[in-house]
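Chemist: Please read through the structure below; I'll follow up with questions.
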Amino acid sequence: PVTLVEFNNTEGGANHVHHLRLDVPEYAEARDRLDGLGRRRILDGDFDGLEGTSSKAIYFDTAADLGFVVEVADLPADYKRIEPDGHYP
């Protein structure tokens with residue numbers, strides 16, 4: 001999934017891609033590769049789902065080179081997402 005930010009003052013009010021999520025089969029390998037390239041971690045966390053499921057994700061700062069943030073995610077097939085309370089806009 002790609003997150004499109006519709007308005008953000010840091011981008012001069014222009015629509016832009018905030019981040020690109022990559023659901024990778026080898027999470028640790030992808031994480032280590034980006035760490036090895038010296039990419040700074042912006043966010044690193046485990047996320048609880050429904051019925052005891054969980055996922056992992058890391059946001060890497062690639063904005064200077066790519067123009068957006070790269071998210072590497074481990075999203076198991078049995079993961080059950082908790083729906084958000086709402087969406088903006």
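To be explicit about the labels: the chains of the structure tokens are called A, B, and onward in the order shown, and within each one the residues are counted from 1, while ligands get numbers from 1 in the order they are shown.
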Would you list the contacts of A:Ile42 as a PDB file with all heavy atoms, in the first residue's frame, taking every protein, DNA or RNA residue within 8 Å and counting only C-alpha atoms, but skipping same-chain residues closer than 2 positions in sequence?
Modeler:
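So the final result, stored in out20.pdb, reads:
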```pdb
ATOM      1  N   ARG A  40      18.439   5.572   8.552  1.00  0.00           N
ATOM      2  CA  ARG A  40      17.971   5.843   9.912  1.00  0.00           C
ATOM      3  C   ARG A  40      16.561   5.307  10.078  1.00  0.00           C
ATOM      4  O   ARG A  40      15.705   5.469   9.212  1.00  0.00           O
ATOM      5  CB  ARG A  40      17.993   7.349  10.155  1.00  0.00           C
ATOM      6  CG  ARG A  40      17.570   7.761  11.555  1.00  0.00           C
ATOM      7  CD  ARG A  40      17.721   9.261  11.738  1.00  0.00           C
ATOM      8  NE  ARG A  40      16.792  10.014  10.904  1.00  0.00           N
ATOM      9  CZ  ARG A  40      15.563  10.372  11.280  1.00  0.00           C
ATOM     10  NH1 ARG A  40      15.105  10.039  12.481  1.00  0.00           N
ATOM     11  NH2 ARG A  40      14.782  11.059  10.459  1.00  0.00           N
ATOM     12  N   ASP A  44       9.983   1.997  14.659  1.00  0.00           N
ATOM     13  CA  ASP A  44      10.269   0.557  14.711  1.00  0.00           C
ATOM     14  C   ASP A  44       9.337  -0.032  15.755  1.00  0.00           C
ATOM     15  O   ASP A  44       9.442   0.316  16.929  1.00  0.00           O
ATOM     16  CB  ASP A  44      11.728   0.351  15.108  1.00  0.00           C
ATOM     17  CG  ASP A  44      12.175  -1.091  15.103  1.00  0.00           C
ATOM     18  OD1 ASP A  44      11.310  -1.995  14.981  1.00  0.00           O
ATOM     19  OD2 ASP A  44      13.375  -1.342  15.244  1.00  0.00           O
ATOM     20  N   ILE A  58       9.007  -1.290  10.230  1.00  0.00           N
ATOM     21  CA  ILE A  58      10.014  -0.260  10.452  1.00  0.00           C
ATOM     22  C   ILE A  58       9.891   0.758   9.325  1.00  0.00           C
ATOM     23  O   ILE A  58       9.810   0.391   8.155  1.00  0.00           O
ATOM     24  CB  ILE A  58      11.443  -0.837  10.446  1.00  0.00           C
ATOM     25  CG1 ILE A  58      11.616  -1.921  11.505  1.00  0.00           C
ATOM     26  CG2 ILE A  58      12.472   0.278  10.656  1.00  0.00           C
ATOM     27  CD1 ILE A  58      12.954  -2.641  11.432  1.00  0.00           C
ATOM     28  N   TYR A  59       9.879   2.035   9.686  1.00  0.00           N
ATOM     29  CA  TYR A  59       9.959   3.112   8.706  1.00  0.00           C
ATOM     30  C   TYR A  59      11.426   3.525   8.618  1.00  0.00           C
ATOM     31  O   TYR A  59      12.044   3.838   9.631  1.00  0.00           O
ATOM     32  CB  TYR A  59       9.154   4.325   9.154  1.00  0.00           C
ATOM     33  CG  TYR A  59       7.664   4.256   8.942  1.00  0.00           C
ATOM     34  CD1 TYR A  59       6.962   3.064   8.993  1.00  0.00           C
ATOM     35  CD2 TYR A  59       6.941   5.420   8.724  1.00  0.00           C
ATOM     36  CE1 TYR A  59       5.593   3.028   8.806  1.00  0.00           C
ATOM     37  CE2 TYR A  59       5.576   5.398   8.550  1.00  0.00           C
ATOM     38  CZ  TYR A  59       4.905   4.194   8.590  1.00  0.00           C
ATOM     39  OH  TYR A  59       3.545   4.161   8.413  1.00  0.00           O
ATOM     40  N   PHE A  60      11.960   3.539   7.397  1.00  0.00           N
ATOM     41  CA  PHE A  60      13.333   3.980   7.164  1.00  0.00           C
ATOM     42  C   PHE A  60      13.313   5.323   6.443  1.00  0.00           C
ATOM     43  O   PHE A  60      12.524   5.531   5.522  1.00  0.00           O
ATOM     44  CB  PHE A  60      14.087   2.960   6.308  1.00  0.00           C
ATOM     45  CG  PHE A  60      14.450   1.707   7.041  1.00  0.00           C
ATOM     46  CD1 PHE A  60      13.641   0.586   6.963  1.00  0.00           C
ATOM     47  CD2 PHE A  60      15.600   1.633   7.805  1.00  0.00           C
ATOM     48  CE1 PHE A  60      13.965  -0.584   7.635  1.00  0.00           C
ATOM     49  CE2 PHE A  60      15.938   0.474   8.483  1.00  0.00           C
ATOM     50  CZ  PHE A  60      15.124  -0.640   8.389  1.00  0.00           C
ATOM     51  N   ASP A  61      14.214   6.213   6.857  1.00  0.00           N
ATOM     52  CA  ASP A  61      14.299   7.538   6.253  1.00  0.00           C
ATOM     53  C   ASP A  61      15.018   7.443   4.908  1.00  0.00           C
ATOM     54  O   ASP A  61      16.231   7.346   4.842  1.00  0.00           O
ATOM     55  CB  ASP A  61      15.043   8.483   7.184  1.00  0.00           C
ATOM     56  CG  ASP A  61      15.020   9.911   6.693  1.00  0.00           C
ATOM     57  OD1 ASP A  61      14.456  10.166   5.609  1.00  0.00           O
ATOM     58  OD2 ASP A  61      15.580  10.778   7.390  1.00  0.00           O
TER      59      ASP A  61
END
```
Chemist: If you take only C-alpha atoms and a cut-off of 6 Å, which residues of stretch 22-62 of chain A touch stretch 66-82 of chain A, and what are their nearest atom pairs and distances in Å to one decimal, in chain and number order, as CSV?
Modeler:
```
residue,atom,partner,partner_atom,distance
A:Leu22,CA,A:Val72,CA,5.0
A:Asp23,CA,A:Ala73,CA,4.8
A:Tyr27,CA,A:Asp74,CA,5.7
A:Gly49,CA,A:Arg81,CA,5.0
A:Leu50,CA,A:Lys80,CA,5.1
A:Thr53,CA,A:Tyr79,CA,5.2
A:Ser55,CA,A:Leu75,CA,5.1
A:Lys56,CA,A:Asp74,CA,5.1
A:Ala57,CA,A:Ala73,CA,4.2
A:Ile58,CA,A:Val72,CA,5.4
A:Tyr59,CA,A:Glu71,CA,4.3
A:Phe60,CA,A:Val70,CA,5.3
A:Asp61,CA,A:Val69,CA,5.4
A:Thr62,CA,A:Val69,CA,5.1
```
Chemist: Considering only alpha helix (DSSP H) as DSSP defines it on the backbone, what residues of stretch 35-73 of chain A qualify? List them as a list in words.
Modeler: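 Across stretch 35-73 of chain A, those assigned alpha helix (DSSP H) are Asp35, Gly36, Ala63, Ala64, Asp65 and Leu66 of chain A.
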Chemist: Could you please take those selected residues and save N, CA and C atoms as a CSV table (one decimal), in the first residue's frame?
Modeler:
```csv
chain,number,residue,atom,x,y,z
A,35,ASP,N,19.5,-1.3,7.3
A,35,ASP,CA,20.4,-0.9,8.4
A,35,ASP,C,21.8,-0.8,7.9
A,36,GLY,N,22.2,-1.8,7.1
A,36,GLY,CA,23.6,-1.9,6.6
A,36,GLY,C,23.9,-0.7,5.6
A,63,ALA,N,13.7,9.6,2.4
A,63,ALA,CA,13.1,10.8,1.8
A,63,ALA,C,14.1,11.6,0.9
A,64,ALA,N,15.3,11.7,1.4
A,64,ALA,CA,16.3,12.6,0.7
A,64,ALA,C,16.6,12.0,-0.7
A,65,ASP,N,16.7,10.6,-0.7
A,65,ASP,CA,17.0,9.9,-2.0
A,65,ASP,C,15.8,9.6,-2.9
A,66,LEU,N,14.7,9.2,-2.2
A,66,LEU,CA,13.6,8.7,-3.0
A,66,LEU,C,12.4,9.6,-3.0
```
Chemist: Quick one: distance from atom CA of A:Ser54 to atom CA of A:His18 in Å, one decimal?
Modeler: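 Distance between the two atoms: 23.5 Å.
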Chemist: Tell me, in Å to one decimal, how far atom CA of A:Phe47 is from atom CA of A:Glu29.
Modeler: 19.4 Å
Chemist: Have a look at A:Gly38, A:Asp48, A:Val24, A:Asp32 and name the one nearest to A:Glu83; count only C-alpha atoms.
Modeler: A:Asp48
